[in-house]
Amino acid sequence: MKINPKKDISPKYLFLGLSIMCILLLGLSIFSDSFMQKTRNLFGKIITPMQEGLSNIGEWVEERFLIFGDVKELREENEELQKRNRELEDQIAKSQAELTELAELRGLYSLDQMYPEYNTTAARVFSVDSSGWFNEFYINKGLNDGVYEDCNVLYEGGLLGIVVESYDSYARVRAIVDDRSKVTASVGPNGALCTVEGSLATYKNGYLLATDIDKDAKVSIGDRVITSNVSDRFLYGLTIGYVSELIPDPNNLTVTAHIRTAVDFSGVRDILVITDRKQEVTY
């Protein structure tokens with residue numbers, strides 16, 4: 001007989017089949033405990049792992065939500081801390097810059113007090129040549145500020161150089177270590193005359209040369225070398241440096257001294273310009 005799959009099953013047959021199944025299961029439960037126990041065990045083996053798996057998945061999902069919330073909170077806290085850290089770094093950098101500037105101003109004030117007989121003005125270096133040393137550079141003061149050619153320039157403990165060109169708002173300074181520089185100076189307790197010669201080559205070795213010192217002059221290691229009153233461009237009494245070595249010349253009449261400069265020419269920022277000039281000063 002050919003079965004038509006599209007034909008519906010009669011409700012009465014369906015009810016009859018379910019009833020018979022229920023009766024059989026009831027009978028088995030009454031007369032066969034072992035069968036029901038096996039059935040329960042079978043369902044337990046299938047259902048229990050499924051329940052445990054679903055429970056573990058639920059716990060994992062819950063933990064991930066908690067972790068995600070913690071990570072989001074930590075990220076926000078980290079961003080806030082980074083922001084505060086940047087603000088603190090900016091404040092520290094600003095404070096350090098202010099302290100550096102204050103120290104430089106104090107240094108200029110102390111330098112100014114060393115030469116109270118001269119009128120001065122502070123200036124800042126804004127450009128330097130490419131030699132690696134501050135042998136020639138530009139400052140932000142000029143004719144409008146009373147800075148003229150031949151004005152002497154001070155830094156740290158003494159003489160830095162001299163103004164060689166001046167314009168309305170800036171000027172060019174040549175340092176005493178420049179190869180073109182020569183300063184008439186005096187050294188020792190008797191003020192023996194000498195010539196301090198600029199030289200980047202010798203300065204790189206830590207000294208400048210003071211030449212033509214009378215061999216009978218009582219010059220010693222550590223003596224201060226200052227600008228002489230017979231200098232035509234440099235004011236009297238500005239510290240150039242200190243004698244670090246004395247070398248007799250071949251002529252047996254003079255000696256040459258190595259001079260440790262009072263100024264460090266490797267980094268110059270704020271300087272002091274003496275607005276008085278040698279032609280205007282009477283000793």
# chains A, B, ... in the order shown; residues from 1 in each chain; ligands from 1
>>> residues_around(residues="Val230 in chain A", least_positions_apart="5", cutoff="12 Å", atoms="only C-alpha atoms", output="NGL selection string")
:A and (183-186 or 191-195 or 235-237 or 278-279 or 282-283)
>>> closest_atom_pairs(of="range 165-272 of chain A", to="range 122-137 of chain A", cutoff="8 Å", atoms="only C-alpha atoms", output="tab-separated table")
residue	atom	partner	partner_atom	distance
A:Arg172	CA	A:Phe137	CA	5.8
A:Val173	CA	A:Phe137	CA	5.4
A:Arg174	CA	A:Glu136	CA	4.5
A:Ala175	CA	A:Asn135	CA	4.7
A:Ile176	CA	A:Asn135	CA	7.2
A:Val177	CA	A:Asn135	CA	5.9
A:Asp178	CA	A:Asn135	CA	5.0
A:Phe265	CA	A:Phe134	CA	5.3
A:Ser266	CA	A:Trp133	CA	5.2
A:Gly267	CA	A:Phe134	CA	6.7
A:Val268	CA	A:Phe134	CA	6.8
A:Arg269	CA	A:Val125	CA	5.2
A:Asp270	CA	A:Arg124	CA	4.5
A:Ile271	CA	A:Ala123	CA	5.4
A:Leu272	CA	A:Ala122	CA	4.6
>>> write_last_selection(atoms="all heavy atoms", output="short mmCIF file (atom, residue, chain, number, x, y, z; two decimals), in the first residue's frame")
data_model
loop_
_atom_site.label_atom_id
_atom_site.label_comp_id
_atom_site.auth_asym_id
_atom_site.auth_seq_id
_atom_site.Cartn_x
_atom_site.Cartn_y
_atom_site.Cartn_z
N ARG A 172 76.97 92.42 16.76
CA ARG A 172 77.84 91.26 16.59
C ARG A 172 79.02 91.37 17.55
O ARG A 172 79.66 92.41 17.65
CB ARG A 172 78.34 91.16 15.14
CG ARG A 172 79.21 89.93 14.87
CD ARG A 172 79.30 89.65 13.37
NE ARG A 172 79.92 90.75 12.66
CZ ARG A 172 81.21 90.80 12.33
NH1 ARG A 172 82.03 89.82 12.69
NH2 ARG A 172 81.69 91.83 11.66
N VAL A 173 79.29 90.27 18.25
CA VAL A 173 80.35 90.24 19.26
C VAL A 173 81.43 89.26 18.83
O VAL A 173 81.13 88.15 18.37
CB VAL A 173 79.78 89.82 20.63
CG1 VAL A 173 80.90 89.68 21.66
CG2 VAL A 173 78.72 90.81 21.10
N ARG A 174 82.68 89.67 19.00
CA ARG A 174 83.81 88.78 18.75
C ARG A 174 84.45 88.44 20.10
O ARG A 174 84.87 89.34 20.84
CB ARG A 174 84.83 89.44 17.83
CG ARG A 174 86.06 88.58 17.53
CD ARG A 174 86.93 89.24 16.49
NE ARG A 174 86.21 89.36 15.22
CZ ARG A 174 86.50 90.26 14.28
NH1 ARG A 174 87.50 91.12 14.47
NH2 ARG A 174 85.81 90.30 13.15
N ALA A 175 84.55 87.17 20.39
CA ALA A 175 85.10 86.73 21.68
C ALA A 175 86.63 86.75 21.65
O ALA A 175 87.25 86.72 20.58
CB ALA A 175 84.61 85.33 22.00
N ILE A 176 87.22 86.77 22.82
CA ILE A 176 88.69 86.85 22.91
C ILE A 176 89.36 85.55 22.51
O ILE A 176 90.59 85.52 22.34
CB ILE A 176 89.15 87.26 24.33
CG1 ILE A 176 88.70 86.23 25.37
CG2 ILE A 176 88.64 88.65 24.69
CD1 ILE A 176 89.29 86.45 26.75
N VAL A 177 88.59 84.47 22.33
CA VAL A 177 89.20 83.21 21.86
C VAL A 177 89.27 83.16 20.35
O VAL A 177 89.91 82.25 19.79
CB VAL A 177 88.41 81.98 22.38
CG1 VAL A 177 88.50 81.89 23.89
CG2 VAL A 177 86.96 82.03 21.93
N ASP A 178 88.63 84.10 19.68
CA ASP A 178 88.67 84.12 18.21
C ASP A 178 90.10 84.34 17.72
O ASP A 178 90.89 85.08 18.32
CB ASP A 178 87.75 85.24 17.70
CG ASP A 178 87.57 85.17 16.19
OD1 ASP A 178 86.65 84.46 15.74
OD2 ASP A 178 88.35 85.83 15.48
N PHE A 265 83.62 79.30 26.98
CA PHE A 265 83.13 79.73 25.66
C PHE A 265 82.38 78.63 24.93
O PHE A 265 82.07 78.77 23.74
CB PHE A 265 84.31 80.21 24.80
CG PHE A 265 84.96 81.45 25.31
CD1 PHE A 265 85.97 81.39 26.27
CD2 PHE A 265 84.56 82.70 24.87
CE1 PHE A 265 86.57 82.54 26.77
CE2 PHE A 265 85.16 83.86 25.35
CZ PHE A 265 86.16 83.77 26.31
N SER A 266 82.05 77.55 25.61
CA SER A 266 81.33 76.46 24.95
C SER A 266 79.82 76.67 24.96
O SER A 266 79.09 76.03 24.22
CB SER A 266 81.66 75.12 25.62
OG SER A 266 81.23 75.13 26.98
N GLY A 267 79.33 77.55 25.83
CA GLY A 267 77.90 77.81 25.88
C GLY A 267 77.63 79.14 26.55
O GLY A 267 77.82 79.28 27.76
N VAL A 268 77.19 80.11 25.77
CA VAL A 268 76.95 81.45 26.29
C VAL A 268 75.49 81.82 26.00
O VAL A 268 75.01 81.60 24.88
CB VAL A 268 77.89 82.49 25.63
CG1 VAL A 268 77.61 83.88 26.17
CG2 VAL A 268 79.35 82.09 25.86
N ARG A 269 74.81 82.40 27.00
CA ARG A 269 73.42 82.78 26.79
C ARG A 269 73.17 84.24 27.14
O ARG A 269 72.99 85.08 26.28
CB ARG A 269 72.51 81.87 27.61
CG ARG A 269 71.03 82.15 27.37
CD ARG A 269 70.14 81.23 28.18
NE ARG A 269 68.74 81.54 27.97
CZ ARG A 269 67.75 80.98 28.63
NH1 ARG A 269 68.01 80.06 29.54
NH2 ARG A 269 66.50 81.30 28.39
N ASP A 270 73.14 84.55 28.42
CA ASP A 270 72.91 85.93 28.87
C ASP A 270 74.25 86.58 29.20
O ASP A 270 75.04 86.04 29.97
CB ASP A 270 72.01 85.94 30.10
CG ASP A 270 70.59 85.50 29.76
OD1 ASP A 270 70.04 86.01 28.78
OD2 ASP A 270 70.04 84.64 30.47
N ILE A 271 74.47 87.75 28.62
CA ILE A 271 75.75 88.44 28.80
C ILE A 271 75.51 89.86 29.30
O ILE A 271 74.38 90.34 29.35
CB ILE A 271 76.57 88.44 27.48
CG1 ILE A 271 75.73 89.04 26.31
CG2 ILE A 271 76.98 87.02 27.11
CD1 ILE A 271 75.93 90.49 26.11
N LEU A 272 76.61 90.52 29.66
CA LEU A 272 76.55 91.89 30.15
C LEU A 272 77.42 92.75 29.25
O LEU A 272 78.60 92.46 29.04
CB LEU A 272 77.06 91.94 31.59
CG LEU A 272 76.54 93.06 32.50
CD1 LEU A 272 75.02 92.95 32.67
CD2 LEU A 272 77.21 92.96 33.86
#
>>> residues_around(residues="range 222-229 of chain A", least_positions_apart="2", cutoff="12 Å", atoms="only C-alpha atoms", output="NGL selection string")
:A and (152 or 157-161 or 176 or 182-196 or 208-211 or 213 or 217-220 or 231-246 or 257-262 or 278-279 or 281-283)
>>> select_by_dssp(residues="range 193-234 of chain A", states="alpha helix (DSSP H)", output="number ranges by chain")
A: 200-204
>>> write_last_selection(atoms="N, CA and C atoms", output="PDB file, in the first residue's frame")
ATOM      1  N   LEU A 200      91.392  79.415  18.679  1.00  0.00           N
ATOM      2  CA  LEU A 200      90.491  78.292  18.965  1.00  0.00           C
ATOM      3  C   LEU A 200      91.269  76.999  19.147  1.00  0.00           C
ATOM      4  N   ALA A 201      92.395  76.883  18.444  1.00  0.00           N
ATOM      5  CA  ALA A 201      93.198  75.663  18.539  1.00  0.00           C
ATOM      6  C   ALA A 201      93.739  75.470  19.950  1.00  0.00           C
ATOM      7  N   THR A 202      94.319  76.543  20.544  1.00  0.00           N
ATOM      8  CA  THR A 202      94.844  76.397  21.903  1.00  0.00           C
ATOM      9  C   THR A 202      93.702  76.327  22.922  1.00  0.00           C
ATOM     10  N   TYR A 203      92.605  77.050  22.648  1.00  0.00           N
ATOM     11  CA  TYR A 203      91.502  77.025  23.609  1.00  0.00           C
ATOM     12  C   TYR A 203      90.887  75.630  23.707  1.00  0.00           C
ATOM     13  N   LYS A 204      90.859  74.907  22.590  1.00  0.00           N
ATOM     14  CA  LYS A 204      90.349  73.537  22.629  1.00  0.00           C
ATOM     15  C   LYS A 204      91.196  72.662  23.553  1.00  0.00           C
TER      16      LYS A 204
END
>>> atom_distance(atom1="CA of Tyr170 in chain A", atom2="CA of Glu197 in chain A")
26.6 Å
>>> closest_residue(among="A:Val147, A:Leu253, A:Arg180, A:Ile139", to="Thr120 in chain A", atoms="only C-alpha atoms")
A:Val147
>>> select_by_dssp(residues="range 203-278 of chain A", states="strand (DSSP E or B)", output="PyMOL selection string")
chain A and resi 208-214+224-227+239-248+254-261+270-274
>>> atom_distance(atom1="CA of Gln113 in chain A", atom2="CA of Lys141 in chain A")
20.8 Å
>>> residues_around(residues="Gly146 in chain A", least_positions_apart="4", cutoff="10 Å", atoms="only C-alpha atoms", output="number ranges by chain")
A: 120-121, 141-142, 151, 166, 168-169, 273-276
>>> write_last_selection(atoms="N, CA and C atoms", output="PDB file, in the first residue's frame")
ATOM      1  N   THR A 120      76.354  99.272  32.525  1.00  0.00           N
ATOM      2  CA  THR A 120      76.147  98.018  31.797  1.00  0.00           C
ATOM      3  C   THR A 120      74.685  97.835  31.395  1.00  0.00           C
ATOM      4  N   THR A 121      74.467  96.915  30.449  1.00  0.00           N
ATOM      5  CA  THR A 121      73.124  96.479  30.082  1.00  0.00           C
ATOM      6  C   THR A 121      73.167  94.989  29.765  1.00  0.00           C
ATOM      7  N   LYS A 141      70.761  93.281  21.570  1.00  0.00           N
ATOM      8  CA  LYS A 141      70.839  94.705  21.912  1.00  0.00           C
ATOM      9  C   LYS A 141      71.716  95.394  20.871  1.00  0.00           C
ATOM     10  N   GLY A 142      71.346  96.675  20.564  1.00  0.00           N
ATOM     11  CA  GLY A 142      72.104  97.403  19.558  1.00  0.00           C
ATOM     12  C   GLY A 142      72.147  98.888  19.833  1.00  0.00           C
ATOM     13  N   CYS A 151      82.210  98.312  22.423  1.00  0.00           N
ATOM     14  CA  CYS A 151      81.728  98.058  23.791  1.00  0.00           C
ATOM     15  C   CYS A 151      82.251  96.696  24.248  1.00  0.00           C
ATOM     16  N   SER A 166      77.463  97.073  15.258  1.00  0.00           N
ATOM     17  CA  SER A 166      76.216  97.326  15.978  1.00  0.00           C
ATOM     18  C   SER A 166      75.178  97.908  15.026  1.00  0.00           C
ATOM     19  N   ASP A 168      70.609  98.737  14.743  1.00  0.00           N
ATOM     20  CA  ASP A 168      69.574  99.346  15.579  1.00  0.00           C
ATOM     21  C   ASP A 168      69.159  98.465  16.753  1.00  0.00           C
ATOM     22  N   SER A 169      68.905  97.190  16.495  1.00  0.00           N
ATOM     23  CA  SER A 169      68.353  96.323  17.546  1.00  0.00           C
ATOM     24  C   SER A 169      69.196  95.096  17.848  1.00  0.00           C
ATOM     25  N   VAL A 273      76.827  93.795  28.679  1.00  0.00           N
ATOM     26  CA  VAL A 273      77.571  94.709  27.815  1.00  0.00           C
ATOM     27  C   VAL A 273      77.885  95.973  28.597  1.00  0.00           C
ATOM     28  N   ILE A 274      79.168  96.362  28.613  1.00  0.00           N
ATOM     29  CA  ILE A 274      79.564  97.637  29.222  1.00  0.00           C
ATOM     30  C   ILE A 274      79.316  98.726  28.186  1.00  0.00           C
ATOM     31  N   THR A 275      78.400  99.609  28.488  1.00  0.00           N
ATOM     32  CA  THR A 275      78.040 100.646  27.507  1.00  0.00           C
ATOM     33  C   THR A 275      79.059 101.790  27.451  1.00  0.00           C
ATOM     34  N   ASP A 276      79.928 101.863  28.487  1.00  0.00           N
ATOM     35  CA  ASP A 276      81.045 102.809  28.419  1.00  0.00           C
ATOM     36  C   ASP A 276      82.088 102.248  27.457  1.00  0.00           C
TER      37      ASP A 276
END
